[in-house]
Amino acid sequence: MTEVRTAKPIIELEGIRKTYTSGSITFEALRGVDTSVAEGEYVAVIGPSGSGKSTLMNILGCLDNPTEGSYVLAGEDVASMTETQLAEVRNKRIGFVFQQFHLLAAQSAWRNVELPLVYAGVPKAERKERAIAALTKVGLGERVENKPGELSGGQQQRVAVARALVTEPAMILADEPTGNLDSRSTDDVLGLLDDLHGAGRTIVLITHEDEVAARAQRNLVIRDGLIVTDTPVVRGVSA
Amino acid sequence: MNWRETLRTAFEAVHAHRMRSILTMLGIVIGIASVILTVGFGQGARQEVQDEINSLGSNLLIVSPGSSTDDSGTRGGFGSATTLTLADANAIADSDVVPDAVSVAPVTSTSLSVVAGDTNWTTTVMGTTTSWLDVRTRTLASGRWFTDSEAENGSKVVVLGSDTASELFSGQSPVGQTVTINGTTLTVIGVLDSSGSSSSGTSEDDMAVMPLSTEAALTGSTSSAVSTIYVECADADVLSAAYQEIDTLLLTRHDIASGDDADFSIATQDSLVDTASSTNETLSVLLTGVAAISLLVGGIGVMNIMLVSVTERIREIGLRKALGATPRVIGQQFLAEASILGLAGGLIGIGIGVIGSWILPLIIDQPVTLSFLATAGALGVSLALGVGFGVYPASRAARLTPIDALRSE
């Protein structure tokens with residue numbers, strides 16, 4: 001574990017605060033979060049709803065700017081970037097996996113997977129090739145032409161993982177990836193994330209389920225806008 | 001993301017919501033089709049008037065008596081005066097003075113009752129020269145035209161308009177029959193072909209035409225005044241030259257120093273077309289206005305649906321943003337969608353307009369002329385509507401923050 005923790009950090013958070021203002025009411029969702037994630041690490045962020053978990057995920061995913069603090073992602077300070085700059089960072093550095101899959105229902109699997117490459121300006125032929133390669137990697141090489149409606153929940157989430165992989169991002173950010181899946185598909189998707197971790201990917205997983213978190217290397221527990229515990233997971237004991 | 005990707009994405013979105021896209025386009029379809037049809041209708045009507053007036057004789061100048069000022073200074077209206085005479089007509093016919101005039105036909109006309117057997121019909125009785133038939137480019141349906149010697153002798157012969165002939169003789173052949181006008185009995189020697197037109201309320205097919213001298217004897221008129229002088233020119237190019245020559249000649253003959261005081265007026269085909277078209281034009285401007293309003297309503301429909309679309313596809317927008325679409329790219333996508341809706345609506349509208357322009361004349365008996373300009377304009381307008389009314393929804397989509405968009409259920 002220690003050798004992984006001391007490797008080059010890919011995410012560095014320092015004094016991250018996020019305050020929401022609604023009329024005269026202000027709410028501090030994050031109250032000074034400091035942490036770092038090294039390259040190749042598999043981290044689970046755990047916390048009950050209202051803990052600031054989702055806010056942290058939005059900031060980690062460059063979907064929102066922190067009110068205060070610095071966030072360096074793959075060597076780039078992204079804390080004060082404009083929406084357009086953030087869009088580029090999301091496109092290049094982050095692969096998202098969402099609870100609701102968020103696939104375009106009218107498009108085939110490979111067309112869903114190529115979407116980030118479209119926004120990256122990759123030429124068409126290369127896009128298709130890379131999309132099919134990513135689908136093959138998640139075990140859906142035979143289903144590239146199927147639309148999401150023709151795939152099972154687990155398969156749909158695999159398509160989403162393929163879409164997250166296709167740009168070779170610095171980090172895969174999975175927000176409750178198993179929240180909408182049955183136990184068999186959950187194992188399936190978590191197995192896939194294990195494989196990706198084994199292949200050296202950095203994975204940040206957001207969850208409220210302990211057994212899902214136990215698959216990670218390291219657990220960050222967040223409560224009331226602060227990280228309260230940061231513990232390495234000993235495999236085989238908590239599982 | 002280049003424009004081709006943007007267009008493809010927009011096409012896919014329009015295609016994915018076929019029914020809604022079609023309903024959205026409907027407003028623009030109807031608007032464009034009605035613009036094309038109303039403009040076509042207006043142009044068709046104008047063309048019809050033009051054809052009618054051209055049928056009077058293509059290279060015609062029409063000289064009418066103008067207002068006259070009597071000793072007490074009272075001015076009569078145009079046409080009320082008897083300032084044109086046979087001598088004027090003869091002077092115009094002089095090829096040295098008016099070289100561009102080919103043929104001249106002076107006409108006197110009176111409204112009189114014509115009696116055939118026990119049938120009585122009031123019509124325009126016209127006296128003219130033998131050249132009238134050519135100058136007015138009329139032809140005979142039956143019988144013959146009067147000869148020079150008949151014209152000279154004031155023979156008691158008459159040629160009837162087609163309507164007049166059928167009113168008086170109801171189907172029987174009038175040629176060889178006699179009619180009585182003002183107590184004088186005349187032989188019908190011919191019937192004119194229908195000109196199929198009427199100008200300023202008087203039918204060109206309801207008349208009784210005879211030599212000038214016959215008409216003078218009939219009415220007992222000793223005046224040499226004529227009501228109109230038709231002048232045929234060699235071709236349309238010399239119309240204005242002939243106009244100048246006649247104007248100068250008549251001003252000199254009538255001893256008038258300034259053209260402003262002229263006691264006659266010379267009309268050309270174009271001026272008649274303009275006058276006759278003006279009422280049609282008013283109508284077609286009105287109809288086009290109504291069509292333009294329906295286009296505007298169609299455009300607002302596009303905006304309305306695009307706004308609904310932005311709300312409905314909020315999660316898709318969020319996803320695209322999360323995957324790296326910049327606000328600009330999202331805005332362009334929605335703008336492209338609105339433009340496609342506008343343009344497609346415009347094209348379908350043009351199609352319906354073109355089909356309508358074939359079918360409509362069969363129903364309302366009015367020609368509809370397709371105008372290339374109106375069609376191209378309509379296409380431009382429909383695209384502009386799509387873009388114009390797409391800007392607001394597109395900017396709404398572009399401004400959505402990805403988290404709000406993703407979280408929305």
# chains A, B, ... in the order shown; residues from 1 in each chain; ligands from 1

call {"tool": "residues_around", "arguments": {"residues": "A:Leu190", "least_positions_apart": "4", "cutoff": "8 Å", "atoms": "only C-alpha atoms", "output": "number ranges by chain"}}
result
A: 178, 186, 194, 212, 215

call {"tool": "write_last_selection", "arguments": {"atoms": "all heavy atoms", "output": "PDB file, in the first residue's frame"}}
result
ATOM      1  N   THR A 178     -23.086   1.104  -9.134  1.00  0.00           N
ATOM      2  CA  THR A 178     -23.863  -0.125  -8.975  1.00  0.00           C
ATOM      3  C   THR A 178     -25.226   0.149  -8.357  1.00  0.00           C
ATOM      4  O   THR A 178     -25.976  -0.773  -8.054  1.00  0.00           O
ATOM      5  CB  THR A 178     -23.091  -1.117  -8.088  1.00  0.00           C
ATOM      6  OG1 THR A 178     -22.844  -0.487  -6.825  1.00  0.00           O
ATOM      7  CG2 THR A 178     -21.782  -1.509  -8.720  1.00  0.00           C
ATOM      8  N   THR A 186     -23.850  -6.095 -10.318  1.00  0.00           N
ATOM      9  CA  THR A 186     -22.960  -5.329  -9.445  1.00  0.00           C
ATOM     10  C   THR A 186     -21.590  -5.989  -9.413  1.00  0.00           C
ATOM     11  O   THR A 186     -20.569  -5.334  -9.635  1.00  0.00           O
ATOM     12  CB  THR A 186     -23.550  -5.248  -8.022  1.00  0.00           C
ATOM     13  OG1 THR A 186     -24.798  -4.560  -8.082  1.00  0.00           O
ATOM     14  CG2 THR A 186     -22.606  -4.505  -7.079  1.00  0.00           C
ATOM     15  N   ASP A 194     -12.147  -3.636 -10.945  1.00  0.00           N
ATOM     16  CA  ASP A 194     -10.947  -4.296 -10.418  1.00  0.00           C
ATOM     17  C   ASP A 194      -9.926  -4.543 -11.522  1.00  0.00           C
ATOM     18  O   ASP A 194      -8.742  -4.258 -11.372  1.00  0.00           O
ATOM     19  CB  ASP A 194     -11.317  -5.656  -9.790  1.00  0.00           C
ATOM     20  CG  ASP A 194     -11.962  -5.509  -8.415  1.00  0.00           C
ATOM     21  OD1 ASP A 194     -11.850  -4.400  -7.832  1.00  0.00           O
ATOM     22  OD2 ASP A 194     -12.591  -6.482  -7.952  1.00  0.00           O
ATOM     23  N   VAL A 212     -19.314  -2.356  -1.529  1.00  0.00           N
ATOM     24  CA  VAL A 212     -18.747  -1.795  -2.758  1.00  0.00           C
ATOM     25  C   VAL A 212     -17.436  -1.095  -2.430  1.00  0.00           C
ATOM     26  O   VAL A 212     -16.415  -1.290  -3.100  1.00  0.00           O
ATOM     27  CB  VAL A 212     -19.741  -0.818  -3.416  1.00  0.00           C
ATOM     28  CG1 VAL A 212     -19.094  -0.109  -4.604  1.00  0.00           C
ATOM     29  CG2 VAL A 212     -21.005  -1.556  -3.861  1.00  0.00           C
ATOM     30  N   ARG A 215     -14.145  -3.014  -2.104  1.00  0.00           N
ATOM     31  CA  ARG A 215     -13.388  -3.456  -3.286  1.00  0.00           C
ATOM     32  C   ARG A 215     -12.229  -2.520  -3.586  1.00  0.00           C
ATOM     33  O   ARG A 215     -11.332  -2.872  -4.346  1.00  0.00           O
ATOM     34  CB  ARG A 215     -14.308  -3.526  -4.514  1.00  0.00           C
ATOM     35  CG  ARG A 215     -15.519  -4.423  -4.355  1.00  0.00           C
ATOM     36  CD  ARG A 215     -15.113  -5.885  -4.307  1.00  0.00           C
ATOM     37  NE  ARG A 215     -14.787  -6.409  -5.617  1.00  0.00           N
ATOM     38  CZ  ARG A 215     -15.610  -7.142  -6.369  1.00  0.00           C
ATOM     39  NH1 ARG A 215     -16.825  -7.427  -5.917  1.00  0.00           N
ATOM     40  NH2 ARG A 215     -15.227  -7.598  -7.523  1.00  0.00           N
TER      41      ARG A 215
END

call {"tool": "select_by_dssp", "arguments": {"residues": "stretch 48-224 of chain A", "states": "helix (DSSP H, G or I)", "output": "ChimeraX atom specification"}}
result
/A:53-60,83-93,109-120,124-137,148-150,153-165,183-198,210-213

call {"tool": "atom_distance", "arguments": {"atom1": "atom CA of A:Arg143", "atom2": "atom CA of A:Ala164"}}
result
17.3 Å

call {"tool": "interface_residues", "arguments": {"of": "chain A", "to": "chain B", "cutoff": "7 Å", "atoms": "only C-alpha atoms", "output": "number ranges by chain"}}
result
A: 63, 84, 87-88, 90-91, 102, 106, 116, 118-121

call {"tool": "write_last_selection", "arguments": {"atoms": "all heavy atoms", "output": "mmCIF file, in the first residue's frame"}}
result
data_model
loop_
_atom_site.group_PDB
_atom_site.id
_atom_site.type_symbol
_atom_site.label_atom_id
_atom_site.label_comp_id
_atom_site.auth_asym_id
_atom_site.auth_seq_id
_atom_site.Cartn_x
_atom_site.Cartn_y
_atom_site.Cartn_z
ATOM 1 N N LEU A 63 -17.138 19.269 -12.662
ATOM 2 C CA LEU A 63 -18.473 19.683 -13.077
ATOM 3 C C LEU A 63 -18.843 20.978 -12.365
ATOM 4 O O LEU A 63 -19.806 21.640 -12.707
ATOM 5 C CB LEU A 63 -19.497 18.587 -12.728
ATOM 6 C CG LEU A 63 -19.308 17.273 -13.490
ATOM 7 C CD1 LEU A 63 -20.123 16.161 -12.852
ATOM 8 C CD2 LEU A 63 -19.693 17.444 -14.949
ATOM 9 N N THR A 84 -15.792 26.531 -20.247
ATOM 10 C CA THR A 84 -15.258 25.982 -21.495
ATOM 11 C C THR A 84 -13.957 25.216 -21.256
ATOM 12 O O THR A 84 -13.751 24.134 -21.795
ATOM 13 C CB THR A 84 -15.050 27.113 -22.520
ATOM 14 O OG1 THR A 84 -16.308 27.750 -22.727
ATOM 15 C CG2 THR A 84 -14.525 26.589 -23.836
ATOM 16 N N ALA A 87 -14.726 21.958 -19.575
ATOM 17 C CA ALA A 87 -15.265 20.983 -20.522
ATOM 18 C C ALA A 87 -14.125 20.214 -21.179
ATOM 19 O O ALA A 87 -14.197 19.004 -21.353
ATOM 20 C CB ALA A 87 -16.122 21.681 -21.573
ATOM 21 N N GLU A 88 -13.050 20.935 -21.491
ATOM 22 C CA GLU A 88 -11.910 20.281 -22.130
ATOM 23 C C GLU A 88 -11.202 19.331 -21.157
ATOM 24 O O GLU A 88 -10.803 18.230 -21.531
ATOM 25 C CB GLU A 88 -10.937 21.360 -22.630
ATOM 26 C CG GLU A 88 -10.055 20.860 -23.753
ATOM 27 C CD GLU A 88 -8.960 21.857 -24.098
ATOM 28 O OE1 GLU A 88 -9.259 23.071 -24.125
ATOM 29 O OE2 GLU A 88 -7.821 21.408 -24.320
ATOM 30 N N ARG A 90 -12.595 17.796 -18.586
ATOM 31 C CA ARG A 90 -13.467 16.628 -18.412
ATOM 32 C C ARG A 90 -13.290 15.664 -19.574
ATOM 33 O O ARG A 90 -13.224 14.453 -19.418
ATOM 34 C CB ARG A 90 -14.943 17.057 -18.357
ATOM 35 C CG ARG A 90 -15.329 17.758 -17.075
ATOM 36 C CD ARG A 90 -16.846 17.840 -16.957
ATOM 37 N NE ARG A 90 -17.475 18.635 -18.004
ATOM 38 C CZ ARG A 90 -17.768 19.916 -17.889
ATOM 39 N NH1 ARG A 90 -17.500 20.567 -16.776
ATOM 40 N NH2 ARG A 90 -18.340 20.562 -18.885
ATOM 41 N N ASN A 91 -13.223 16.255 -20.758
ATOM 42 C CA ASN A 91 -13.119 15.441 -21.968
ATOM 43 C C ASN A 91 -11.819 14.641 -21.989
ATOM 44 O O ASN A 91 -11.812 13.463 -22.327
ATOM 45 C CB ASN A 91 -13.215 16.361 -23.193
ATOM 46 C CG ASN A 91 -13.191 15.608 -24.505
ATOM 47 O OD1 ASN A 91 -12.205 15.626 -25.222
ATOM 48 N ND2 ASN A 91 -14.284 14.908 -24.788
ATOM 49 N N HIS A 102 -26.747 6.964 -18.115
ATOM 50 C CA HIS A 102 -26.727 8.117 -19.019
ATOM 51 C C HIS A 102 -26.232 7.758 -20.410
ATOM 52 O O HIS A 102 -25.293 8.350 -20.932
ATOM 53 C CB HIS A 102 -25.881 9.257 -18.454
ATOM 54 C CG HIS A 102 -26.591 10.054 -17.399
ATOM 55 N ND1 HIS A 102 -27.838 10.594 -17.591
ATOM 56 C CD2 HIS A 102 -26.239 10.397 -16.142
ATOM 57 C CE1 HIS A 102 -28.212 11.236 -16.489
ATOM 58 N NE2 HIS A 102 -27.273 11.127 -15.592
ATOM 59 N N ALA A 106 -31.136 6.441 -28.397
ATOM 60 C CA ALA A 106 -31.343 6.280 -29.834
ATOM 61 C C ALA A 106 -30.086 5.804 -30.563
ATOM 62 O O ALA A 106 -30.125 5.506 -31.752
ATOM 63 C CB ALA A 106 -31.818 7.606 -30.433
ATOM 64 N N PRO A 116 -17.277 10.926 -26.380
ATOM 65 C CA PRO A 116 -16.216 11.825 -25.889
ATOM 66 C C PRO A 116 -15.185 12.119 -26.973
ATOM 67 O O PRO A 116 -14.622 13.218 -27.010
ATOM 68 C CB PRO A 116 -15.569 11.039 -24.747
ATOM 69 C CG PRO A 116 -16.537 9.975 -24.386
ATOM 70 C CD PRO A 116 -17.350 9.679 -25.601
ATOM 71 N N VAL A 118 -15.827 12.401 -30.140
ATOM 72 C CA VAL A 118 -16.413 13.399 -31.048
ATOM 73 C C VAL A 118 -16.067 14.786 -30.537
ATOM 74 O O VAL A 118 -15.612 15.649 -31.284
ATOM 75 C CB VAL A 118 -17.949 13.235 -31.120
ATOM 76 C CG1 VAL A 118 -18.580 14.403 -31.872
ATOM 77 C CG2 VAL A 118 -18.325 11.911 -31.783
ATOM 78 N N TYR A 119 -16.252 14.998 -29.216
ATOM 79 C CA TYR A 119 -15.970 16.319 -28.651
ATOM 80 C C TYR A 119 -14.481 16.600 -28.589
ATOM 81 O O TYR A 119 -14.064 17.742 -28.507
ATOM 82 C CB TYR A 119 -16.626 16.457 -27.282
ATOM 83 C CG TYR A 119 -18.140 16.446 -27.392
ATOM 84 C CD1 TYR A 119 -18.916 15.460 -26.810
ATOM 85 C CD2 TYR A 119 -18.782 17.442 -28.141
ATOM 86 C CE1 TYR A 119 -20.293 15.451 -26.952
ATOM 87 C CE2 TYR A 119 -20.149 17.440 -28.288
ATOM 88 C CZ TYR A 119 -20.909 16.444 -27.692
ATOM 89 O OH TYR A 119 -22.268 16.445 -27.850
ATOM 90 N N ALA A 120 -13.659 15.531 -28.642
ATOM 91 C CA ALA A 120 -12.210 15.738 -28.645
ATOM 92 C C ALA A 120 -11.694 16.032 -30.048
ATOM 93 O O ALA A 120 -10.530 16.362 -30.221
ATOM 94 C CB ALA A 120 -11.519 14.495 -28.079
ATOM 95 N N GLY A 121 -12.585 15.885 -31.050
ATOM 96 C CA GLY A 121 -12.187 16.194 -32.420
ATOM 97 C C GLY A 121 -11.407 15.076 -33.083
ATOM 98 O O GLY A 121 -10.635 15.316 -34.013
#

call {"tool": "atom_distance", "arguments": {"atom1": "atom CA of B:Gly342", "atom2": "atom CA of B:Val302"}}
result
7.6 Å

call {"tool": "atom_distance", "arguments": {"atom1": "atom CA of B:Phe146", "atom2": "atom CA of B:Met126"}}
result
13.2 Å

call {"tool": "closest_residue", "arguments": {"among": "A:Thr202, A:Ser108, A:Thr207, A:Gln156", "to": "A:Pro177", "atoms": "only C-alpha atoms"}}
result
A:Thr207

call {"tool": "select_by_dssp", "arguments": {"residues": "stretch 180-325 of chain B", "states": "strand (DSSP E)", "output": "JSON, numbers by chain"}}
result
{"B": [180, 181, 184, 185, 186, 187, 188, 189, 190, 191, 192, 198, 199, 202, 203, 207, 208, 209, 210, 211, 228, 229, 230, 231, 232, 233, 264, 265, 266, 267, 268]}

call {"tool": "write_last_selection", "arguments": {"atoms": "N, CA and C atoms", "output": "short mmCIF file (atom, residue, chain, number, x, y, z; two decimals), in the first residue's frame"}}
result
data_model
loop_
_atom_site.label_atom_id
_atom_site.label_comp_id
_atom_site.auth_asym_id
_atom_site.auth_seq_id
_atom_site.Cartn_x
_atom_site.Cartn_y
_atom_site.Cartn_z
N THR B 180 -81.72 47.60 -86.67
CA THR B 180 -82.14 48.99 -86.77
C THR B 180 -81.54 49.78 -85.61
N ILE B 181 -80.84 50.87 -85.97
CA ILE B 181 -80.27 51.74 -84.94
C ILE B 181 -80.73 53.15 -85.23
N THR B 184 -82.36 53.80 -88.49
CA THR B 184 -81.69 53.44 -89.74
C THR B 184 -81.50 51.92 -89.78
N THR B 185 -81.76 51.31 -90.87
CA THR B 185 -81.60 49.86 -90.99
C THR B 185 -80.23 49.56 -91.60
N LEU B 186 -79.49 48.67 -90.92
CA LEU B 186 -78.15 48.31 -91.41
C LEU B 186 -78.07 46.81 -91.59
N THR B 187 -77.23 46.39 -92.53
CA THR B 187 -77.02 44.97 -92.77
C THR B 187 -75.83 44.49 -91.95
N VAL B 188 -76.00 43.38 -91.25
CA VAL B 188 -74.88 42.79 -90.49
C VAL B 188 -74.02 42.03 -91.48
N ILE B 189 -72.73 42.47 -91.61
CA ILE B 189 -71.86 41.80 -92.59
C ILE B 189 -70.85 40.89 -91.92
N GLY B 190 -70.69 41.02 -90.59
CA GLY B 190 -69.69 40.16 -89.92
C GLY B 190 -69.86 40.17 -88.42
N VAL B 191 -69.26 39.18 -87.78
CA VAL B 191 -69.24 39.09 -86.31
C VAL B 191 -67.79 38.92 -85.88
N LEU B 192 -67.38 39.69 -84.86
CA LEU B 192 -65.99 39.64 -84.37
C LEU B 192 -65.78 38.39 -83.52
N SER B 198 -62.27 42.20 -70.92
CA SER B 198 -63.01 43.43 -70.75
C SER B 198 -62.10 44.38 -70.03
N SER B 199 -62.09 45.62 -70.44
CA SER B 199 -61.30 46.57 -69.69
C SER B 199 -62.20 47.72 -69.26
N THR B 202 -66.28 47.93 -69.72
CA THR B 202 -67.00 47.72 -70.98
C THR B 202 -66.43 46.51 -71.68
N SER B 203 -67.30 45.63 -72.10
CA SER B 203 -66.85 44.43 -72.75
C SER B 203 -66.34 44.76 -74.15
N MET B 207 -70.33 45.33 -78.85
CA MET B 207 -70.21 46.57 -79.64
C MET B 207 -70.80 46.35 -81.04
N ALA B 208 -71.11 47.47 -81.66
CA ALA B 208 -71.53 47.44 -83.06
C ALA B 208 -70.61 48.40 -83.80
N VAL B 209 -69.81 47.86 -84.70
CA VAL B 209 -68.79 48.66 -85.37
C VAL B 209 -69.20 48.95 -86.82
N MET B 210 -69.03 50.18 -87.23
CA MET B 210 -69.41 50.56 -88.61
C MET B 210 -68.48 51.67 -89.09
N PRO B 211 -68.51 51.99 -90.38
CA PRO B 211 -67.66 53.09 -90.87
C PRO B 211 -68.03 54.40 -90.18
N THR B 228 -61.57 58.42 -79.39
CA THR B 228 -60.26 57.79 -79.16
C THR B 228 -59.55 57.68 -80.49
N ILE B 229 -58.22 57.81 -80.47
CA ILE B 229 -57.45 57.49 -81.67
C ILE B 229 -56.47 56.39 -81.28
N TYR B 230 -56.60 55.21 -81.89
CA TYR B 230 -55.66 54.12 -81.65
C TYR B 230 -54.54 54.23 -82.66
N VAL B 231 -53.30 54.20 -82.18
CA VAL B 231 -52.15 54.28 -83.07
C VAL B 231 -51.31 53.03 -82.89
N GLU B 232 -51.11 52.32 -83.99
CA GLU B 232 -50.27 51.13 -83.93
C GLU B 232 -48.86 51.50 -84.35
N CYS B 233 -47.87 51.09 -83.55
CA CYS B 233 -46.49 51.40 -83.88
C CYS B 233 -45.82 50.14 -84.44
N PHE B 264 -55.32 66.52 -74.25
CA PHE B 264 -55.44 65.12 -74.67
C PHE B 264 -54.50 64.31 -73.78
N SER B 265 -54.68 63.01 -73.80
CA SER B 265 -53.72 62.18 -73.07
C SER B 265 -53.37 60.98 -73.94
N ILE B 266 -52.14 60.52 -73.80
CA ILE B 266 -51.68 59.37 -74.57
C ILE B 266 -51.33 58.25 -73.57
N ALA B 267 -52.00 57.15 -73.73
CA ALA B 267 -51.74 56.04 -72.81
C ALA B 267 -50.99 54.94 -73.52
N THR B 268 -50.08 54.29 -72.80
CA THR B 268 -49.38 53.13 -73.37
C THR B 268 -49.91 51.89 -72.67
#

call {"tool": "closest_residue", "arguments": {"among": "B:Ser294, B:Asn120, B:Thr147, B:Thr38", "to": "B:Trp132", "atoms": "only C-alpha atoms"}}
result
B:Thr147

call {"tool": "residues_around", "arguments": {"residues": "A:Asn180", "least_positions_apart": "3", "cutoff": "8 Å", "atoms": "only C-alpha atoms", "output": "list in words"}}
result
Gln99, Gln100, Gly153 and Pro177 of chain A

call {"tool": "residues_around", "arguments": {"residues": "A:Arg163", "least_positions_apart": "3", "cutoff": "6 Å", "atoms": "only C-alpha atoms", "output": "PDB file with all heavy atoms, in the first residue's frame"}}
result
ATOM      1  N   VAL A 113     -20.187   5.138 -27.111  1.00  0.00           N
ATOM      2  CA  VAL A 113     -18.813   5.099 -26.601  1.00  0.00           C
ATOM      3  C   VAL A 113     -17.935   6.140 -27.301  1.00  0.00           C
ATOM      4  O   VAL A 113     -17.052   6.737 -26.696  1.00  0.00           O
ATOM      5  CB  VAL A 113     -18.230   3.676 -26.754  1.00  0.00           C
ATOM      6  CG1 VAL A 113     -16.749   3.648 -26.398  1.00  0.00           C
ATOM      7  CG2 VAL A 113     -18.999   2.697 -25.877  1.00  0.00           C
ATOM      8  N   ALA A 160     -21.138   2.147 -20.511  1.00  0.00           N
ATOM      9  CA  ALA A 160     -20.754   3.419 -19.887  1.00  0.00           C
ATOM     10  C   ALA A 160     -19.296   3.387 -19.457  1.00  0.00           C
ATOM     11  O   ALA A 160     -18.565   4.373 -19.601  1.00  0.00           O
ATOM     12  CB  ALA A 160     -21.668   3.719 -18.708  1.00  0.00           C
ATOM     13  N   VAL A 166     -12.533   5.249 -23.126  1.00  0.00           N
ATOM     14  CA  VAL A 166     -12.133   5.406 -24.519  1.00  0.00           C
ATOM     15  C   VAL A 166     -11.163   6.565 -24.745  1.00  0.00           C
ATOM     16  O   VAL A 166     -10.360   6.544 -25.664  1.00  0.00           O
ATOM     17  CB  VAL A 166     -13.395   5.521 -25.426  1.00  0.00           C
ATOM     18  CG1 VAL A 166     -14.033   6.893 -25.340  1.00  0.00           C
ATOM     19  CG2 VAL A 166     -13.084   5.156 -26.864  1.00  0.00           C
TER      20      VAL A 166
END

call {"tool": "residues_around", "arguments": {"residues": "B:Thr85", "least_positions_apart": "4", "cutoff": "6 Å", "atoms": "only C-alpha atoms", "output": "PyMOL selection string"}}
result
chain B and resi 224-226

call {"tool": "write_last_selection", "arguments": {"atoms": "C-alpha atoms", "output": "JSON list (two decimals), in the first residue's frame"}}
result
[["chain", "number", "residue", "atom", "x", "y", "z"],
["B", 224, "SER", "CA", -65.66, 65.77, -86.52],
["B", 225, "ALA", "CA", -64.75, 64.97, -82.91],
["B", 226, "VAL", "CA", -63.53, 61.47, -82.13]]
